[in-house]
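I have placed the structure first, in the form of structure tokens, so that the comments after it can refer back to it.
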Amino acid sequence: VIPLGMGLLLYLAPRVKALPETALGLKVARFLASEKLVPYALLFLLVLVMTASLFMTFSRGGMIAFVVLSLFFARITWQRRTLRSKTALLTILAVVIFAVVVLAAWDRLEERFAELDEDHISRLSVAQDSLGIVRDYPVLGSGLGTFESACMRYQTTMPRLLFDHAHNDYVELITDTGVVGFLLGMGMALLFFRMAFRRWRRKHGMFGKCIGAGGLASFVAIATHSFTDFNLHIPANALLFAVITALTYAALFNVTERTEK
């Protein structure tokens, strides 16, 4: 959800009518005197709270996904000339988030990532053991929702632990549905992302461009985090992702420049 908030921040950020060489401080001063300050500040606070909540979970996959989505969001918005003039405030947002969230919890974050050496071994072991399922059920897999029972047969490490999920959405997709299901699922996801991204590059309306950029960054976030967790096997996450997908599609394909006004 955070990228959608970033997209809305980008949309609400006013275009400061000034010469290109105008100092950033003057542009910010003019914004502070605008009527959009209060709603923008409220939205800024909401995005800050969501980001802080993400880091307070100390989920390494979640934090890495946040960094990746932020870089992707910055990259694609900078490519659109009409959005470049509105990125100054988002740059300030990024600095504030880093100062308030990351630096405040730096010691705990450092400890959390120090545990990566021993924790990633267990997840890699589960993925390696899961290859046995793929080997025996290569075409259609062992069946949706059968990973927990199927994994026990092939589990070679940590026999006293029971793994209900593979901690990797891609691995679990191929074990449950086989090569056929994996290719169908990944193919549909990639086709939709490609279609949405191509539409976004041709989009002219400001609302569609900003919300669309946030939605595309959301896709990148879930795709990144799915390498280390089973996010889409949690019903609440899957439902939320479906809603974000629908909002992104609507912003890119259903909202016209006339309806934006």
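Every chain in the structure tokens takes a letter, A first, then B, and so on in the order presented; its residues are numbered from 1, and the ligands are numbered from 1 following the presented order.
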Fill in: Residues near Leu8 in chain A, cut-off 12 Å, only C-alpha atoms, skip fewer than 5 positions along chain, as a VMD selection string
chain A and resid 1 to 3 13 to 14 39 to 40 42 to 44 46 to 47 86 90 206 to 215 251
Just write the chosen residues, N, CA, C and O atoms, as a CSV table (one decimal), in the first residue's frame.
chain,number,residue,atom,x,y,z
A,1,VAL,N,0.8,-1.2,0.0
A,1,VAL,CA,0.0,0.0,0.0
A,1,VAL,C,0.9,1.3,0.0
A,1,VAL,O,0.5,2.3,-0.5
A,2,ILE,N,2.1,1.2,0.6
A,2,ILE,CA,2.9,2.4,0.7
A,2,ILE,C,3.2,3.0,-0.7
A,2,ILE,O,3.1,4.2,-0.8
A,3,PRO,N,3.5,2.3,-1.7
A,3,PRO,CA,3.7,2.9,-3.0
A,3,PRO,C,2.5,3.7,-3.5
A,3,PRO,O,2.6,4.7,-4.2
A,13,ALA,N,1.4,16.8,-5.0
A,13,ALA,CA,2.5,17.8,-5.0
A,13,ALA,C,2.3,18.9,-6.0
A,13,ALA,O,2.1,18.5,-7.2
A,14,PRO,N,2.2,20.1,-5.7
A,14,PRO,CA,1.9,21.2,-6.7
A,14,PRO,C,3.1,21.4,-7.6
A,14,PRO,O,4.3,21.2,-7.2
A,39,PRO,N,-3.7,18.9,3.7
A,39,PRO,CA,-3.9,17.6,3.2
A,39,PRO,C,-2.6,16.8,2.8
A,39,PRO,O,-2.5,15.6,3.0
A,40,TYR,N,-1.7,17.5,2.3
A,40,TYR,CA,-0.4,16.9,1.9
A,40,TYR,C,0.4,16.5,3.2
A,40,TYR,O,0.9,15.4,3.2
A,42,LEU,N,-1.0,15.6,6.0
A,42,LEU,CA,-1.7,14.5,6.6
A,42,LEU,C,-1.3,13.2,5.8
A,42,LEU,O,-1.0,12.2,6.4
A,43,LEU,N,-1.3,13.3,4.5
A,43,LEU,CA,-0.9,12.1,3.7
A,43,LEU,C,0.5,11.7,4.0
A,43,LEU,O,0.9,10.5,4.0
A,44,PHE,N,1.4,12.7,4.1
A,44,PHE,CA,2.8,12.5,4.4
A,44,PHE,C,2.9,11.7,5.7
A,44,PHE,O,3.7,10.7,5.8
A,46,LEU,N,0.7,9.8,7.1
A,46,LEU,CA,0.1,8.4,6.9
A,46,LEU,C,1.2,7.5,6.3
A,46,LEU,O,1.4,6.4,6.7
A,47,VAL,N,1.8,8.0,5.2
A,47,VAL,CA,2.9,7.2,4.6
A,47,VAL,C,4.0,7.0,5.5
A,47,VAL,O,4.6,5.9,5.6
A,86,LYS,N,8.1,17.4,-9.7
A,86,LYS,CA,7.3,17.2,-8.5
A,86,LYS,C,8.1,16.2,-7.6
A,86,LYS,O,7.5,15.8,-6.6
A,90,LEU,N,9.2,14.6,-2.7
A,90,LEU,CA,9.4,13.1,-2.4
A,90,LEU,C,10.8,12.8,-2.0
A,90,LEU,O,11.0,11.9,-1.2
A,206,MET,N,-2.3,13.2,-15.2
A,206,MET,CA,-1.4,13.3,-14.1
A,206,MET,C,-1.8,12.2,-13.0
A,206,MET,O,-1.0,11.5,-12.4
A,207,PHE,N,-3.2,12.1,-12.8
A,207,PHE,CA,-3.6,11.1,-11.8
A,207,PHE,C,-3.2,9.7,-12.2
A,207,PHE,O,-2.7,8.9,-11.4
A,208,GLY,N,-3.5,9.4,-13.4
A,208,GLY,CA,-3.2,8.0,-13.9
A,208,GLY,C,-1.7,7.7,-13.8
A,208,GLY,O,-1.3,6.6,-13.5
A,209,LYS,N,-0.9,8.7,-14.2
A,209,LYS,CA,0.6,8.5,-14.1
A,209,LYS,C,1.1,8.3,-12.7
A,209,LYS,O,1.9,7.4,-12.4
A,210,CYS,N,0.6,9.1,-11.8
A,210,CYS,CA,1.0,9.0,-10.4
A,210,CYS,C,0.6,7.7,-9.7
A,210,CYS,O,1.3,7.0,-9.1
A,211,ILE,N,-0.8,7.4,-9.8
A,211,ILE,CA,-1.3,6.2,-9.1
A,211,ILE,C,-0.8,5.0,-9.8
A,211,ILE,O,-0.5,4.0,-9.2
A,212,GLY,N,-0.7,5.1,-11.2
A,212,GLY,CA,-0.1,3.9,-11.9
A,212,GLY,C,1.3,3.6,-11.5
A,212,GLY,O,1.7,2.4,-11.4
A,213,ALA,N,2.1,4.6,-11.3
A,213,ALA,CA,3.5,4.4,-10.8
A,213,ALA,C,3.5,3.7,-9.5
A,213,ALA,O,4.3,2.8,-9.2
A,214,GLY,N,2.6,4.2,-8.6
A,214,GLY,CA,2.5,3.5,-7.3
A,214,GLY,C,2.1,2.1,-7.4
A,214,GLY,O,2.6,1.2,-6.7
A,215,GLY,N,1.1,1.8,-8.3
A,215,GLY,CA,0.7,0.4,-8.5
A,215,GLY,C,1.7,-0.5,-9.0
A,215,GLY,O,1.9,-1.6,-8.6
A,251,ALA,N,-6.9,3.1,-12.8
A,251,ALA,CA,-6.2,4.4,-12.9
A,251,ALA,C,-5.6,4.5,-14.3
A,251,ALA,O,-5.5,5.6,-14.9
Practice prompt. Mind checking which residues fall within 9 Å of range 185-196 of chain A, counting only C-alpha atoms, ignoring those fewer than 2 positions away in the same chain, and posting them as a count of residues only?
Written response: 17
Discussion item. When you look at range 229-232 of chain A with a cut-off of 6 Å (counting only C-alpha atoms), what residues show up, excluding the ones that are within fewer than 5 positions of it in the same chain? I need them as a ChimeraX atom specification.
Written reply: /A:167-169,237-238
Written file, previous selection with N, CA, C and O atoms, as an mmCIF file, in the first residue's frame:
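File out.cif, as written:
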data_model
loop_
_atom_site.group_PDB
_atom_site.id
_atom_site.type_symbol
_atom_site.label_atom_id
_atom_site.label_comp_id
_atom_site.auth_asym_id
_atom_site.auth_seq_id
_atom_site.Cartn_x
_atom_site.Cartn_y
_atom_site.Cartn_z
ATOM 1 N N HIS A 167 8.101 -20.651 2.211
ATOM 2 C CA HIS A 167 8.733 -19.347 2.419
ATOM 3 C C HIS A 167 9.289 -18.804 1.101
ATOM 4 O O HIS A 167 10.280 -18.071 1.085
ATOM 5 N N ASN A 168 8.645 -19.169 0.014
ATOM 6 C CA ASN A 168 8.987 -18.680 -1.317
ATOM 7 C C ASN A 168 7.787 -18.974 -2.206
ATOM 8 O O ASN A 168 7.499 -20.136 -2.499
ATOM 9 N N ASP A 169 7.081 -17.915 -2.609
ATOM 10 C CA ASP A 169 5.863 -18.110 -3.392
ATOM 11 C C ASP A 169 6.136 -18.810 -4.713
ATOM 12 O O ASP A 169 5.289 -19.572 -5.209
ATOM 13 N N ASN A 237 -3.366 -10.781 2.472
ATOM 14 C CA ASN A 237 -2.399 -10.200 1.532
ATOM 15 C C ASN A 237 -2.850 -10.376 0.090
ATOM 16 O O ASN A 237 -2.716 -9.464 -0.734
ATOM 17 N N ALA A 238 -3.354 -11.567 -0.225
ATOM 18 C CA ALA A 238 -3.814 -11.828 -1.593
ATOM 19 C C ALA A 238 -4.984 -10.918 -1.953
ATOM 20 O O ALA A 238 -5.057 -10.388 -3.068
#
Quick one: pick out all helix (DSSP H, G or I) residues within range 19-230 of chain A from a backbone DSSP run and write them as a PDB file with C-alpha atoms, in the first residue's frame.
ATOM      1  CA  LEU A  24      14.895  24.348  -3.969  1.00  0.00           C
ATOM      2  CA  GLY A  25      14.414  26.310  -0.749  1.00  0.00           C
ATOM      3  CA  LEU A  26      12.303  28.891  -2.563  1.00  0.00           C
ATOM      4  CA  LYS A  27      10.190  26.185  -4.174  1.00  0.00           C
ATOM      5  CA  VAL A  28       9.581  24.562  -0.787  1.00  0.00           C
ATOM      6  CA  ALA A  29       8.731  27.941   0.748  1.00  0.00           C
ATOM      7  CA  ARG A  30       6.117  28.561  -1.927  1.00  0.00           C
ATOM      8  CA  PHE A  31       4.637  25.131  -1.292  1.00  0.00           C
ATOM      9  CA  LEU A  32       4.411  25.799   2.464  1.00  0.00           C
ATOM     10  CA  LEU A  37      -0.161  22.013   2.743  1.00  0.00           C
ATOM     11  CA  VAL A  38      -2.603  20.508   5.285  1.00  0.00           C
ATOM     12  CA  PRO A  39      -3.900  17.552   3.197  1.00  0.00           C
ATOM     13  CA  TYR A  40      -0.398  16.915   1.907  1.00  0.00           C
ATOM     14  CA  ALA A  41       1.042  16.924   5.428  1.00  0.00           C
ATOM     15  CA  LEU A  42      -1.659  14.494   6.578  1.00  0.00           C
ATOM     16  CA  LEU A  43      -0.939  12.110   3.726  1.00  0.00           C
ATOM     17  CA  PHE A  44       2.789  12.490   4.369  1.00  0.00           C
ATOM     18  CA  LEU A  45       2.179  11.456   7.993  1.00  0.00           C
ATOM     19  CA  LEU A  46       0.135   8.411   6.946  1.00  0.00           C
ATOM     20  CA  VAL A  47       2.858   7.226   4.570  1.00  0.00           C
ATOM     21  CA  LEU A  48       5.447   7.796   7.295  1.00  0.00           C
ATOM     22  CA  VAL A  49       3.419   5.752   9.797  1.00  0.00           C
ATOM     23  CA  MET A  50       2.988   2.879   7.332  1.00  0.00           C
ATOM     24  CA  THR A  51       6.690   2.881   6.529  1.00  0.00           C
ATOM     25  CA  ALA A  52       7.658   3.012  10.202  1.00  0.00           C
ATOM     26  CA  SER A  53       5.270   0.116  10.901  1.00  0.00           C
ATOM     27  CA  LEU A  54       6.937  -1.910   8.163  1.00  0.00           C
ATOM     28  CA  PHE A  55      10.392  -1.376   9.640  1.00  0.00           C
ATOM     29  CA  MET A  56       9.115  -2.083  13.166  1.00  0.00           C
ATOM     30  CA  ARG A  60      14.130  -8.367   6.324  1.00  0.00           C
ATOM     31  CA  GLY A  61      12.219  -9.361   3.216  1.00  0.00           C
ATOM     32  CA  GLY A  62       9.776  -6.515   3.751  1.00  0.00           C
ATOM     33  CA  MET A  63      12.531  -3.958   4.235  1.00  0.00           C
ATOM     34  CA  ILE A  64      14.443  -5.164   1.181  1.00  0.00           C
ATOM     35  CA  ALA A  65      11.233  -5.041  -0.855  1.00  0.00           C
ATOM     36  CA  PHE A  66      10.665  -1.465   0.340  1.00  0.00           C
ATOM     37  CA  VAL A  67      14.126  -0.407  -0.822  1.00  0.00           C
ATOM     38  CA  VAL A  68      13.601  -2.080  -4.211  1.00  0.00           C
ATOM     39  CA  LEU A  69      10.165  -0.530  -4.752  1.00  0.00           C
ATOM     40  CA  SER A  70      11.476   2.908  -3.750  1.00  0.00           C
ATOM     41  CA  LEU A  71      14.307   2.698  -6.285  1.00  0.00           C
ATOM     42  CA  PHE A  72      11.895   1.462  -8.963  1.00  0.00           C
ATOM     43  CA  PHE A  73       9.386   4.227  -8.186  1.00  0.00           C
ATOM     44  CA  ALA A  74      12.098   6.889  -8.325  1.00  0.00           C
ATOM     45  CA  ARG A  75      13.477   5.480 -11.564  1.00  0.00           C
ATOM     46  CA  ILE A  76      10.254   5.345 -13.554  1.00  0.00           C
ATOM     47  CA  THR A  77       8.895   8.683 -12.307  1.00  0.00           C
ATOM     48  CA  TRP A  78      12.152  10.408 -13.194  1.00  0.00           C
ATOM     49  CA  GLN A  79      11.799   9.085 -16.737  1.00  0.00           C
ATOM     50  CA  ARG A  81       9.464  14.692 -17.801  1.00  0.00           C
ATOM     51  CA  THR A  82       6.141  15.941 -16.436  1.00  0.00           C
ATOM     52  CA  LEU A  83       6.820  14.284 -13.093  1.00  0.00           C
ATOM     53  CA  ARG A  84      10.392  15.430 -12.552  1.00  0.00           C
ATOM     54  CA  THR A  87       9.997  14.876  -7.148  1.00  0.00           C
ATOM     55  CA  ALA A  88      11.687  17.398  -4.857  1.00  0.00           C
ATOM     56  CA  LEU A  89       9.112  16.912  -2.094  1.00  0.00           C
ATOM     57  CA  LEU A  90       9.364  13.133  -2.409  1.00  0.00           C
ATOM     58  CA  THR A  91      13.115  13.463  -2.000  1.00  0.00           C
ATOM     59  CA  ILE A  92      12.499  15.308   1.256  1.00  0.00           C
ATOM     60  CA  LEU A  93      10.061  12.554   2.233  1.00  0.00           C
ATOM     61  CA  ALA A  94      12.714   9.908   1.658  1.00  0.00           C
ATOM     62  CA  VAL A  95      15.240  11.820   3.764  1.00  0.00           C
ATOM     63  CA  VAL A  96      12.754  12.248   6.626  1.00  0.00           C
ATOM     64  CA  ILE A  97      11.790   8.561   6.522  1.00  0.00           C
ATOM     65  CA  PHE A  98      15.434   7.538   6.603  1.00  0.00           C
ATOM     66  CA  ALA A  99      16.206   9.853   9.514  1.00  0.00           C
ATOM     67  CA  VAL A 100      13.104   9.030  11.575  1.00  0.00           C
ATOM     68  CA  VAL A 101      12.726   5.326  10.874  1.00  0.00           C
ATOM     69  CA  VAL A 102      16.045   3.799   9.888  1.00  0.00           C
ATOM     70  CA  LEU A 103      18.475   5.748  12.052  1.00  0.00           C
ATOM     71  CA  ALA A 104      16.217   5.499  15.100  1.00  0.00           C
ATOM     72  CA  ALA A 105      16.243   1.691  14.943  1.00  0.00           C
ATOM     73  CA  TRP A 106      19.659   1.167  13.399  1.00  0.00           C
ATOM     74  CA  ASP A 107      21.073  -1.029  16.192  1.00  0.00           C
ATOM     75  CA  ARG A 108      18.094  -3.387  16.134  1.00  0.00           C
ATOM     76  CA  LEU A 109      18.083  -3.511  12.336  1.00  0.00           C
ATOM     77  CA  GLU A 110      21.781  -4.356  12.336  1.00  0.00           C
ATOM     78  CA  GLU A 111      21.155  -7.220  14.763  1.00  0.00           C
ATOM     79  CA  ARG A 112      18.280  -8.484  12.642  1.00  0.00           C
ATOM     80  CA  PHE A 113      20.343  -8.641   9.462  1.00  0.00           C
ATOM     81  CA  ALA A 114      23.211 -10.252  11.398  1.00  0.00           C
ATOM     82  CA  LEU A 116      20.650 -13.727   8.188  1.00  0.00           C
ATOM     83  CA  ASP A 117      23.602 -16.115   8.048  1.00  0.00           C
ATOM     84  CA  GLU A 118      21.833 -18.856   9.990  1.00  0.00           C
ATOM     85  CA  ASP A 119      18.241 -18.146   8.978  1.00  0.00           C
ATOM     86  CA  HIS A 120      18.712 -18.180   5.206  1.00  0.00           C
ATOM     87  CA  ILE A 121      20.159 -21.708   5.476  1.00  0.00           C
ATOM     88  CA  SER A 122      16.837 -23.121   6.677  1.00  0.00           C
ATOM     89  CA  ARG A 123      14.893 -21.436   3.868  1.00  0.00           C
ATOM     90  CA  LEU A 124      17.340 -22.601   1.232  1.00  0.00           C
ATOM     91  CA  SER A 125      17.147 -26.105   2.658  1.00  0.00           C
ATOM     92  CA  VAL A 126      13.363 -26.111   2.344  1.00  0.00           C
ATOM     93  CA  ALA A 127      13.638 -24.922  -1.252  1.00  0.00           C
ATOM     94  CA  GLN A 128      16.193 -27.633  -2.061  1.00  0.00           C
ATOM     95  CA  ASP A 129      14.053 -30.334  -0.459  1.00  0.00           C
ATOM     96  CA  SER A 130      11.072 -29.071  -2.428  1.00  0.00           C
ATOM     97  CA  LEU A 131      12.841 -30.004  -5.646  1.00  0.00           C
ATOM     98  CA  GLY A 132      11.962 -33.598  -4.802  1.00  0.00           C
ATOM     99  CA  ILE A 133       8.270 -32.728  -5.108  1.00  0.00           C
ATOM    100  CA  VAL A 134       8.891 -31.153  -8.495  1.00  0.00           C
ATOM    101  CA  ARG A 135      10.845 -34.199  -9.616  1.00  0.00           C
ATOM    102  CA  ASP A 136       8.047 -36.623  -8.737  1.00  0.00           C
ATOM    103  CA  PHE A 147       2.873 -28.433   0.470  1.00  0.00           C
ATOM    104  CA  GLU A 148       2.809 -29.166   4.208  1.00  0.00           C
ATOM    105  CA  SER A 149       2.012 -32.862   3.797  1.00  0.00           C
ATOM    106  CA  ALA A 150       4.120 -33.317   0.671  1.00  0.00           C
ATOM    107  CA  CYS A 151       7.195 -31.640   2.116  1.00  0.00           C
ATOM    108  CA  MET A 152       7.455 -34.117   5.018  1.00  0.00           C
ATOM    109  CA  ARG A 153       8.233 -36.913   2.577  1.00  0.00           C
ATOM    110  CA  TYR A 154      11.215 -35.061   1.108  1.00  0.00           C
ATOM    111  CA  ASP A 169       5.863 -18.110  -3.392  1.00  0.00           C
ATOM    112  CA  TYR A 170       7.605 -19.169  -6.595  1.00  0.00           C
ATOM    113  CA  VAL A 171       8.820 -22.480  -5.163  1.00  0.00           C
ATOM    114  CA  GLU A 172       5.437 -23.268  -3.661  1.00  0.00           C
ATOM    115  CA  LEU A 173       3.683 -22.409  -6.917  1.00  0.00           C
ATOM    116  CA  ILE A 174       5.712 -24.946  -8.873  1.00  0.00           C
ATOM    117  CA  THR A 175       5.449 -27.655  -6.199  1.00  0.00           C
ATOM    118  CA  ASP A 176       1.660 -27.274  -5.908  1.00  0.00           C
ATOM    119  CA  THR A 177       0.786 -26.764  -9.592  1.00  0.00           C
ATOM    120  CA  GLY A 178       3.772 -28.159 -11.472  1.00  0.00           C
ATOM    121  CA  VAL A 179       5.435 -26.693 -14.525  1.00  0.00           C
ATOM    122  CA  VAL A 180       2.052 -26.131 -16.200  1.00  0.00           C
ATOM    123  CA  GLY A 181       0.634 -24.088 -13.327  1.00  0.00           C
ATOM    124  CA  PHE A 182       3.902 -22.217 -12.811  1.00  0.00           C
ATOM    125  CA  LEU A 183       4.119 -21.151 -16.456  1.00  0.00           C
ATOM    126  CA  LEU A 184       0.454 -20.150 -16.539  1.00  0.00           C
ATOM    127  CA  GLY A 185       0.650 -18.181 -13.294  1.00  0.00           C
ATOM    128  CA  MET A 186       3.913 -16.417 -14.035  1.00  0.00           C
ATOM    129  CA  GLY A 187       2.921 -15.860 -17.650  1.00  0.00           C
ATOM    130  CA  MET A 188      -0.312 -14.093 -16.677  1.00  0.00           C
ATOM    131  CA  ALA A 189       1.494 -11.977 -14.076  1.00  0.00           C
ATOM    132  CA  LEU A 190       4.226 -10.899 -16.498  1.00  0.00           C
ATOM    133  CA  LEU A 191       1.744 -10.174 -19.293  1.00  0.00           C
ATOM    134  CA  PHE A 192      -0.354  -7.996 -16.980  1.00  0.00           C
ATOM    135  CA  PHE A 193       2.697  -6.104 -15.709  1.00  0.00           C
ATOM    136  CA  ARG A 194       3.954  -5.567 -19.256  1.00  0.00           C
ATOM    137  CA  MET A 195       0.535  -4.361 -20.405  1.00  0.00           C
ATOM    138  CA  ALA A 196       0.192  -2.003 -17.426  1.00  0.00           C
ATOM    139  CA  PHE A 197       3.715  -0.635 -17.795  1.00  0.00           C
ATOM    140  CA  ARG A 198       3.310   0.027 -21.526  1.00  0.00           C
ATOM    141  CA  ARG A 199       0.016   1.786 -20.827  1.00  0.00           C
ATOM    142  CA  TRP A 200       1.663   3.852 -18.074  1.00  0.00           C
ATOM    143  CA  ARG A 201       4.410   5.023 -20.444  1.00  0.00           C
ATOM    144  CA  ARG A 202       1.744   6.350 -22.827  1.00  0.00           C
ATOM    145  CA  MET A 206      -1.419  13.256 -14.069  1.00  0.00           C
ATOM    146  CA  PHE A 207      -3.617  11.135 -11.770  1.00  0.00           C
ATOM    147  CA  GLY A 208      -3.178   8.017 -13.883  1.00  0.00           C
ATOM    148  CA  LYS A 209       0.576   8.500 -14.112  1.00  0.00           C
ATOM    149  CA  CYS A 210       1.042   8.978 -10.368  1.00  0.00           C
ATOM    150  CA  ILE A 211      -1.292   6.245  -9.125  1.00  0.00           C
ATOM    151  CA  GLY A 212      -0.127   3.949 -11.917  1.00  0.00           C
ATOM    152  CA  ALA A 213       3.489   4.406 -10.841  1.00  0.00           C
ATOM    153  CA  GLY A 214       2.511   3.506  -7.279  1.00  0.00           C
ATOM    154  CA  GLY A 215       0.655   0.402  -8.452  1.00  0.00           C
ATOM    155  CA  LEU A 216       3.574  -0.758 -10.592  1.00  0.00           C
ATOM    156  CA  ALA A 217       5.899  -0.273  -7.622  1.00  0.00           C
ATOM    157  CA  SER A 218       3.499  -2.389  -5.537  1.00  0.00           C
ATOM    158  CA  PHE A 219       3.862  -5.220  -8.053  1.00  0.00           C
ATOM    159  CA  VAL A 220       7.643  -4.958  -7.802  1.00  0.00           C
ATOM    160  CA  ALA A 221       7.417  -5.005  -3.999  1.00  0.00           C
ATOM    161  CA  ILE A 222       5.325  -8.170  -3.777  1.00  0.00           C
ATOM    162  CA  ALA A 223       7.417  -9.857  -6.477  1.00  0.00           C
ATOM    163  CA  THR A 224      10.579  -9.117  -4.487  1.00  0.00           C
ATOM    164  CA  HIS A 225       9.200 -10.123  -1.097  1.00  0.00           C
TER     165      HIS A 225
END
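Going from CA of Gln155 in chain A to CA of Ile234 in chain A covers 23.0 Å.
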